[in-house]
Amino acid sequence: MKNILYVNSCVRKESRTNELARYLLQKLDGNVFELNLEKENIEPLSSTTLYERDEILSNSDFSNEKIKYARQFADADTIVISAPFWDLSFPAKLKAYIENVSVIGVTFKYSEDGRPIGLCKANKIYYVSTAGGKFVPDFGYNYIKTLSLQMFGIKNVELIYAEDLDIIGNDVDGIIAKAKQDIDNI
């Protein structure tokens, strides 16, 4: 059975993004492991954390707890990322998480000519998002898509989103229902 990693970067209890992601997860076949970033102690990379990671990698200690997120990411067969659209991007915890999964020798390596070669076994990433206004993929989704395609070796990246949810007068339930219908058609 497939291993599905659900990277949940939603912080609101009644998150519409999380609602759509959970709807998608019900449609996928596999064992789901949820990583709720709000509950994890994930730090952005710093001089200290980079030094620690370099030490771990120089000792080929790939079982070290400090690179567990990279191992989880690399070992997943399918990845679902829920990321609400905030300030033309996604929550900062997701960026810190991506920094922590980008580990040489675990999620990618470099070729002799310096090109990244993906080491992740996932065949697909689903990026699920919602926006109060218009959804702009440039600074959130496209970042994840580019990393997936060019660095992690994950060749299928699919965007699922609902937009205009905070526009007064819009049929929010209808917009969410349409996004769920799009999921049904995947």
# chains A, B, ... in the order shown; residues from 1 in each chain; ligands from 1
>>> select_by_dssp(residues="segment 34-151 of chain A", states="alpha helix (DSSP H)", output="PyMOL selection string")
chain A and resi 47-58+68-75+92-101+141-147
>>> closest_atom_pairs(of="segment 78-123 of chain A", to="segment 132-142 of chain A", cutoff="12 Å", atoms="only C-alpha atoms", output="Markdown table")
| residue | atom | partner | partner_atom | distance |
| --- | --- | --- | --- | --- |
| A:Ile81 | CA | A:Tyr141 | CA | 9.9 |
| A:Ser82 | CA | A:Tyr141 | CA | 10.5 |
| A:Ala83 | CA | A:Gly140 | CA | 8.4 |
| A:Pro84 | CA | A:Gly132 | CA | 9.4 |
| A:Phe85 | CA | A:Phe135 | CA | 7.0 |
| A:Trp86 | CA | A:Gly132 | CA | 9.0 |
| A:Asp87 | CA | A:Phe139 | CA | 9.5 |
| A:Leu88 | CA | A:Phe139 | CA | 6.2 |
| A:Ser89 | CA | A:Gly140 | CA | 4.4 |
| A:Phe90 | CA | A:Gly140 | CA | 5.8 |
| A:Pro91 | CA | A:Gly140 | CA | 9.4 |
| A:Ala92 | CA | A:Gly140 | CA | 10.9 |
| A:Leu94 | CA | A:Gly140 | CA | 10.0 |
| A:Lys95 | CA | A:Gly140 | CA | 9.5 |
| A:Ile98 | CA | A:Gly140 | CA | 11.8 |
>>> closest_residue(among="A:Tyr143, A:Lys124, A:Arg22, A:Ser148", to="Thr107 of chain A", atoms="only C-alpha atoms")
A:Ser148
>>> closest_residue(among="A:Glu38, A:Ile104, A:Val11, A:Leu147", to="Ser58 of chain A", atoms="only C-alpha atoms")
A:Ile104
>>> residues_around(residues="Gly174 of chain A", least_positions_apart="4", cutoff="12 Å", atoms="only C-alpha atoms", output="ChimeraX atom specification")
/A:162-165,169-170,178-181
